[in-house]
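First up is the structure itself, then whatever we jot down about it.
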Amino acid sequence: PSFPSPTTTVFFFFFFALLFHRRLASPRQPPASELVRREGERPPQIATMGTREAALLLLLLAASAAAAAGRKAEAGEKVCNKGWECSGSRFCCNETISDYFKVYQFEDLFAHRNDPQAHAAGFWDYQAFITAAARFEPRGFGTTGGKETSMREVAAFLGHVGAKTSCGYGEAPGGIEAWGLCYNHELSPSQSYCDDSNELYPCVEGVEYYGRGALPVYWNYNYGILGKGINQDLLNHPELLEQNATLAFEAAIWRWMTPMKRRQPSAHDVFVGNWKPTKNDTLSKRFPGFGATMNILYGDAICGQGPTDKMNTIISHYQHYLDLMGVGREYSGDNLDCSDQMAFNPSSESSDF
């Protein structure tokens, strides 16, 4: 069906609001008997100020809506719907992840995840990733910019995931980068990761908060924060991240898309170009690019330590995935590492995921 344009809709809204105002401003004259009053009695109010103000407010709202519609029309903004995967967003007008990232590519990236020696064989799959991503595609995950930018973002995100869940080693078949998604939880926790001092997300008796998920989550408060973000009770049931692959990916994408603190960028923002560094960022050698995603996700556990093996492993996964997806590591982008970057959140202030 065809619908009237925003301009036409606002015109009719304004027209009827004007009629409404005029009618309220000039009401029916009451009969003489109603106007007879005792000496000194105040005359009846023909139209109350509250009613007049309501009509004027309606006119102002109409004018405001007209201005907003004009700005939107000038910007050429539109929203698109592409079924269950992406709907109700301008980002859905771009290609969605399943348009350019297919099952066979996921299999190439995580070629050994179901090998007998993998510790989470049979757990991770393509559909779990696409289903989780669908919640964030309308916000721009994998749908920001052109196809190349979108593919690079998916490779960057999965590069972090692959590096953090790998059981590969230097001489492993296919190399270390071929063994991502080997784990879905920490095998030998050294502690329960319970911070009793946190009153907002207190530890639940008998529950352990060791590392779980696609980007492993640690500590009770982080499970509480993430659970609130994806509408799951992870504080009471952190095991969901090692029982449900879709939720595990969803929690990881939420971290990618969400700033760790107010007035800070998300990993998504610094990668796709939504973030402009401040003077303080520049002095701290923080610039847009893949390096800044490591800074946001890991802070000084990875960054500002020089060219460490941990940092280089994450970078190598990202570049390997770019090659396998057909983009090529030559398009890794500027500011690839964070070896000299000061942490956005020093370890004393970090959420320590």
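Note on naming: chains are A, B, ... as they come in the structure tokens, residues start from 1 per chain, ligands start from 1 in the order shown.
Near A:Tyr223, within 6 Å and counting only C-alpha atoms, sit A:Gly227, A:Leu234, A:Leu235, not including residues fewer than 4 positions from it in the same chain.
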Next on the checklist: If we count only C-alpha atoms and set the cut-off at 7 Å, which residues sit around stretch 206-212 of chain A, ignoring sequence neighbours fewer than 2 positions away in its own chain? Please answer as a PyMOL selection string.
Outcome noted: chain A and resi 184-186+189+192-194+204+216-220+238+241-242
For the residues in the current selection, export all heavy atoms as a short mmCIF file (atom, residue, chain, number, x, y, z; two decimals), in the first residue's frame.
```
data_model
loop_
_atom_site.label_atom_id
_atom_site.label_comp_id
_atom_site.auth_asym_id
_atom_site.auth_seq_id
_atom_site.Cartn_x
_atom_site.Cartn_y
_atom_site.Cartn_z
N ASN A 184 34.53 -23.09 24.98
CA ASN A 184 33.39 -22.23 25.32
C ASN A 184 33.41 -21.85 26.81
O ASN A 184 32.54 -21.13 27.27
CB ASN A 184 32.06 -22.87 24.95
CG ASN A 184 31.78 -24.16 25.70
OD1 ASN A 184 32.55 -24.58 26.57
ND2 ASN A 184 30.68 -24.82 25.36
N HIS A 185 34.43 -22.36 27.55
CA HIS A 185 34.59 -21.96 28.94
C HIS A 185 36.01 -22.28 29.40
O HIS A 185 36.73 -23.06 28.76
CB HIS A 185 33.58 -22.68 29.85
CG HIS A 185 33.80 -24.16 29.96
ND1 HIS A 185 33.36 -25.05 29.02
CD2 HIS A 185 34.43 -24.90 30.91
CE1 HIS A 185 33.69 -26.28 29.38
NE2 HIS A 185 34.35 -26.22 30.54
N GLU A 186 36.38 -21.65 30.48
CA GLU A 186 37.69 -21.87 31.09
C GLU A 186 37.74 -23.28 31.68
O GLU A 186 36.84 -23.68 32.42
CB GLU A 186 37.90 -20.82 32.19
CG GLU A 186 39.27 -20.80 32.80
CD GLU A 186 39.39 -19.70 33.85
OE1 GLU A 186 38.40 -19.00 34.13
OE2 GLU A 186 40.51 -19.55 34.40
N PRO A 189 39.65 -23.26 36.17
CA PRO A 189 39.61 -21.95 36.84
C PRO A 189 40.51 -21.92 38.06
O PRO A 189 40.51 -22.86 38.87
CB PRO A 189 38.14 -21.78 37.24
CG PRO A 189 37.39 -22.74 36.36
CD PRO A 189 38.32 -23.89 36.12
N SER A 192 37.10 -18.51 41.87
CA SER A 192 35.67 -18.43 41.56
C SER A 192 35.29 -17.09 40.94
O SER A 192 34.17 -16.91 40.48
CB SER A 192 34.83 -18.65 42.82
OG SER A 192 35.09 -17.62 43.77
N TYR A 193 36.20 -16.12 40.95
CA TYR A 193 35.97 -14.79 40.40
C TYR A 193 34.75 -14.13 41.03
O TYR A 193 33.88 -13.58 40.35
CB TYR A 193 35.81 -14.84 38.87
CG TYR A 193 37.05 -15.33 38.16
CD1 TYR A 193 37.18 -16.66 37.77
CD2 TYR A 193 38.11 -14.47 37.89
CE1 TYR A 193 38.32 -17.12 37.13
CE2 TYR A 193 39.26 -14.91 37.25
CZ TYR A 193 39.36 -16.24 36.88
OH TYR A 193 40.50 -16.69 36.24
N CYS A 194 34.69 -14.17 42.35
CA CYS A 194 33.62 -13.54 43.10
C CYS A 194 34.16 -12.32 43.83
O CYS A 194 35.10 -12.45 44.63
CB CYS A 194 33.00 -14.52 44.10
SG CYS A 194 31.89 -13.75 45.30
N VAL A 204 26.23 -14.92 43.91
CA VAL A 204 25.19 -15.86 44.30
C VAL A 204 25.87 -17.08 44.91
O VAL A 204 26.84 -17.62 44.35
CB VAL A 204 24.32 -16.28 43.10
CG1 VAL A 204 23.29 -17.32 43.51
CG2 VAL A 204 23.65 -15.05 42.50
N PRO A 216 35.38 -14.42 26.46
CA PRO A 216 35.17 -14.92 27.82
C PRO A 216 34.89 -13.83 28.85
O PRO A 216 35.56 -12.79 28.89
CB PRO A 216 36.47 -15.66 28.12
CG PRO A 216 36.94 -16.11 26.78
CD PRO A 216 36.58 -15.00 25.84
N VAL A 217 33.87 -14.09 29.67
CA VAL A 217 33.43 -13.15 30.71
C VAL A 217 33.89 -13.68 32.06
O VAL A 217 33.76 -14.88 32.35
CB VAL A 217 31.90 -13.02 30.70
CG1 VAL A 217 31.45 -11.96 31.71
CG2 VAL A 217 31.39 -12.67 29.31
N TYR A 218 34.42 -12.78 32.90
CA TYR A 218 34.88 -13.13 34.24
C TYR A 218 34.25 -12.18 35.25
O TYR A 218 33.93 -11.05 34.93
CB TYR A 218 36.40 -13.01 34.35
CG TYR A 218 37.19 -13.88 33.39
CD1 TYR A 218 37.44 -13.45 32.09
CD2 TYR A 218 37.69 -15.12 33.79
CE1 TYR A 218 38.17 -14.24 31.21
CE2 TYR A 218 38.42 -15.91 32.92
CZ TYR A 218 38.65 -15.46 31.62
OH TYR A 218 39.37 -16.24 30.75
N TRP A 219 34.10 -12.64 36.47
CA TRP A 219 33.65 -11.86 37.63
C TRP A 219 32.13 -11.66 37.65
O TRP A 219 31.49 -11.48 36.63
CB TRP A 219 34.35 -10.50 37.73
CG TRP A 219 35.83 -10.61 37.92
CD1 TRP A 219 36.80 -10.47 36.97
CD2 TRP A 219 36.52 -10.92 39.14
NE1 TRP A 219 38.05 -10.66 37.51
CE2 TRP A 219 37.91 -10.93 38.85
CE3 TRP A 219 36.10 -11.16 40.45
CZ2 TRP A 219 38.87 -11.20 39.81
CZ3 TRP A 219 37.06 -11.42 41.41
CH2 TRP A 219 38.43 -11.44 41.09
N ASN A 220 31.60 -11.68 38.87
CA ASN A 220 30.15 -11.56 39.08
C ASN A 220 29.58 -10.27 38.51
O ASN A 220 28.52 -10.27 37.87
CB ASN A 220 29.83 -11.64 40.58
CG ASN A 220 30.70 -10.75 41.44
OD1 ASN A 220 31.93 -10.84 41.43
ND2 ASN A 220 30.08 -9.85 42.20
N PRO A 238 25.29 -17.99 35.09
CA PRO A 238 26.38 -17.73 34.13
C PRO A 238 26.63 -18.90 33.21
O PRO A 238 27.20 -18.74 32.12
CB PRO A 238 27.58 -17.47 35.04
CG PRO A 238 27.26 -18.20 36.31
CD PRO A 238 25.79 -18.06 36.49
N LEU A 241 26.14 -19.18 29.18
CA LEU A 241 27.11 -18.84 28.13
C LEU A 241 27.94 -20.03 27.67
O LEU A 241 28.66 -19.93 26.67
CB LEU A 241 28.04 -17.72 28.61
CG LEU A 241 27.38 -16.36 28.92
CD1 LEU A 241 28.44 -15.31 29.16
CD2 LEU A 241 26.44 -15.93 27.80
N GLU A 242 27.87 -21.13 28.37
CA GLU A 242 28.53 -22.35 27.88
C GLU A 242 27.51 -23.43 27.52
O GLU A 242 27.87 -24.55 27.19
CB GLU A 242 29.52 -22.88 28.92
CG GLU A 242 28.93 -23.23 30.26
CD GLU A 242 29.98 -23.76 31.24
OE1 GLU A 242 30.56 -24.84 30.97
OE2 GLU A 242 30.23 -23.09 32.26
#
```
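Among the candidate residues A:Asn295, A:Ser197, A:Asn94, A:Gln105, the one lying nearest to A:Gly326 is A:Gln105, with distances computed using only C-alpha atoms.
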Item to check | A:Leu181 surroundings by only C-alpha atoms, 6 Å radius, close-in-sequence under 5 positions cut, as number ranges by chain | outcome: A: 113, 162, 165-166
Could you give me, as a Markdown table, a per-residue list for stretch 254-317 of chain A showing, wherever an atom lies at most 10 Å from an atom of stretch 333-344 of chain A, the closest pair of atoms and their distance in Å to one decimal, using only C-alpha atoms and sorting by chain then residue number from low to high?
```
| residue | atom | partner | partner_atom | distance |
| --- | --- | --- | --- | --- |
| A:Met260 | CA | A:Phe344 | CA | 9.4 |
| A:Lys261 | CA | A:Phe344 | CA | 9.4 |
| A:Gln264 | CA | A:Phe344 | CA | 8.1 |
| A:Pro265 | CA | A:Phe344 | CA | 9.5 |
| A:Phe271 | CA | A:Gly333 | CA | 9.1 |
| A:Asp281 | CA | A:Phe344 | CA | 8.5 |
| A:Thr282 | CA | A:Gln341 | CA | 9.5 |
| A:Leu283 | CA | A:Met342 | CA | 9.0 |
| A:Ser284 | CA | A:Met342 | CA | 5.2 |
| A:Lys285 | CA | A:Gln341 | CA | 5.0 |
| A:Arg286 | CA | A:Gln341 | CA | 5.5 |
| A:Phe287 | CA | A:Asn335 | CA | 6.6 |
| A:Pro288 | CA | A:Asn335 | CA | 6.8 |
| A:Gly289 | CA | A:Asn335 | CA | 5.2 |
| A:Phe290 | CA | A:Leu336 | CA | 5.0 |
| A:Gly291 | CA | A:Asp337 | CA | 4.0 |
| A:Ala292 | CA | A:Cys338 | CA | 6.4 |
| A:Thr293 | CA | A:Cys338 | CA | 8.8 |
| A:Met294 | CA | A:Cys338 | CA | 7.0 |
| A:Asn295 | CA | A:Ala343 | CA | 5.9 |
| A:Ile296 | CA | A:Phe344 | CA | 6.5 |
| A:Leu297 | CA | A:Phe344 | CA | 9.7 |
| A:Tyr298 | CA | A:Ala343 | CA | 8.6 |
| A:Gly299 | CA | A:Ala343 | CA | 4.9 |
| A:Asp300 | CA | A:Ala343 | CA | 5.4 |
| A:Ala301 | CA | A:Ala343 | CA | 8.9 |
| A:Ile302 | CA | A:Ser339 | CA | 7.8 |
| A:Cys303 | CA | A:Cys338 | CA | 5.1 |
| A:Gly304 | CA | A:Asp340 | CA | 4.5 |
| A:Gln305 | CA | A:Ser339 | CA | 5.6 |
| A:Gly306 | CA | A:Ser339 | CA | 4.2 |
| A:Pro307 | CA | A:Ser339 | CA | 5.4 |
| A:Thr308 | CA | A:Ser339 | CA | 7.7 |
| A:Met311 | CA | A:Asp337 | CA | 7.4 |
| A:Asn312 | CA | A:Asp337 | CA | 7.9 |
| A:Ile314 | CA | A:Asp337 | CA | 9.5 |
| A:Ile315 | CA | A:Asp337 | CA | 7.4 |
```
Next on the checklist: Quick check for you: according to DSSP on this backbone, which residues of stretch 133-271 of chain A are classed as alpha helix (DSSP H)? Reply as a ChimeraX atom specification.
Outcome noted: /A:133-134,147-164,220-230,245-257,267-271
Writing out the chosen residues with C-alpha atoms as a PDB file, in the first residue's frame:
```pdb
ATOM      1  CA  ALA A 133      24.035 -10.792  15.097  1.00  0.00           C
ATOM      2  CA  ALA A 134      20.441 -10.112  13.979  1.00  0.00           C
ATOM      3  CA  LYS A 147      30.294  -3.981   1.923  1.00  0.00           C
ATOM      4  CA  GLU A 148      34.048  -3.798   2.527  1.00  0.00           C
ATOM      5  CA  THR A 149      33.670  -1.947   5.843  1.00  0.00           C
ATOM      6  CA  SER A 150      30.990  -4.394   6.956  1.00  0.00           C
ATOM      7  CA  MET A 151      33.119  -7.419   6.072  1.00  0.00           C
ATOM      8  CA  ARG A 152      36.119  -5.915   7.820  1.00  0.00           C
ATOM      9  CA  GLU A 153      34.069  -5.389  10.981  1.00  0.00           C
ATOM     10  CA  VAL A 154      32.873  -9.005  11.011  1.00  0.00           C
ATOM     11  CA  ALA A 155      36.467 -10.175  10.489  1.00  0.00           C
ATOM     12  CA  ALA A 156      37.649  -7.886  13.307  1.00  0.00           C
ATOM     13  CA  PHE A 157      35.023  -9.079  15.758  1.00  0.00           C
ATOM     14  CA  LEU A 158      35.564 -12.738  14.910  1.00  0.00           C
ATOM     15  CA  GLY A 159      39.320 -12.163  15.065  1.00  0.00           C
ATOM     16  CA  HIS A 160      38.941 -11.315  18.740  1.00  0.00           C
ATOM     17  CA  VAL A 161      36.648 -14.314  19.253  1.00  0.00           C
ATOM     18  CA  GLY A 162      38.995 -16.696  17.458  1.00  0.00           C
ATOM     19  CA  ALA A 163      42.048 -15.530  19.384  1.00  0.00           C
ATOM     20  CA  LYS A 164      40.297 -15.746  22.752  1.00  0.00           C
ATOM     21  CA  ASN A 220      30.154 -11.556  39.084  1.00  0.00           C
ATOM     22  CA  TYR A 221      29.724  -7.865  38.256  1.00  0.00           C
ATOM     23  CA  ASN A 222      30.533  -8.435  34.585  1.00  0.00           C
ATOM     24  CA  TYR A 223      28.009 -11.250  34.360  1.00  0.00           C
ATOM     25  CA  GLY A 224      25.497  -8.898  35.980  1.00  0.00           C
ATOM     26  CA  ILE A 225      26.213  -6.073  33.537  1.00  0.00           C
ATOM     27  CA  LEU A 226      26.126  -8.352  30.490  1.00  0.00           C
ATOM     28  CA  GLY A 227      22.995 -10.119  31.675  1.00  0.00           C
ATOM     29  CA  LYS A 228      21.200  -6.809  31.963  1.00  0.00           C
ATOM     30  CA  GLY A 229      22.420  -5.866  28.489  1.00  0.00           C
ATOM     31  CA  ILE A 230      21.048  -8.983  26.783  1.00  0.00           C
ATOM     32  CA  ALA A 245      25.943 -20.696  21.577  1.00  0.00           C
ATOM     33  CA  THR A 246      23.527 -17.986  20.422  1.00  0.00           C
ATOM     34  CA  LEU A 247      23.598 -16.323  23.850  1.00  0.00           C
ATOM     35  CA  ALA A 248      27.384 -16.664  23.962  1.00  0.00           C
ATOM     36  CA  PHE A 249      27.704 -14.819  20.635  1.00  0.00           C
ATOM     37  CA  GLU A 250      25.058 -12.305  21.680  1.00  0.00           C
ATOM     38  CA  ALA A 251      26.938 -11.431  24.860  1.00  0.00           C
ATOM     39  CA  ALA A 252      30.156 -10.986  22.875  1.00  0.00           C
ATOM     40  CA  ILE A 253      28.514  -8.733  20.270  1.00  0.00           C
ATOM     41  CA  TRP A 254      26.914  -6.675  23.049  1.00  0.00           C
ATOM     42  CA  ARG A 255      30.404  -6.058  24.434  1.00  0.00           C
ATOM     43  CA  TRP A 256      31.625  -5.087  20.965  1.00  0.00           C
ATOM     44  CA  MET A 257      28.766  -2.620  20.452  1.00  0.00           C
ATOM     45  CA  ALA A 267      34.838  -1.176  19.870  1.00  0.00           C
ATOM     46  CA  HIS A 268      32.346  -0.870  17.011  1.00  0.00           C
ATOM     47  CA  ASP A 269      32.653   2.932  17.041  1.00  0.00           C
ATOM     48  CA  VAL A 270      36.443   3.051  16.895  1.00  0.00           C
ATOM     49  CA  PHE A 271      36.534   0.481  14.104  1.00  0.00           C
TER      50      PHE A 271
END
```
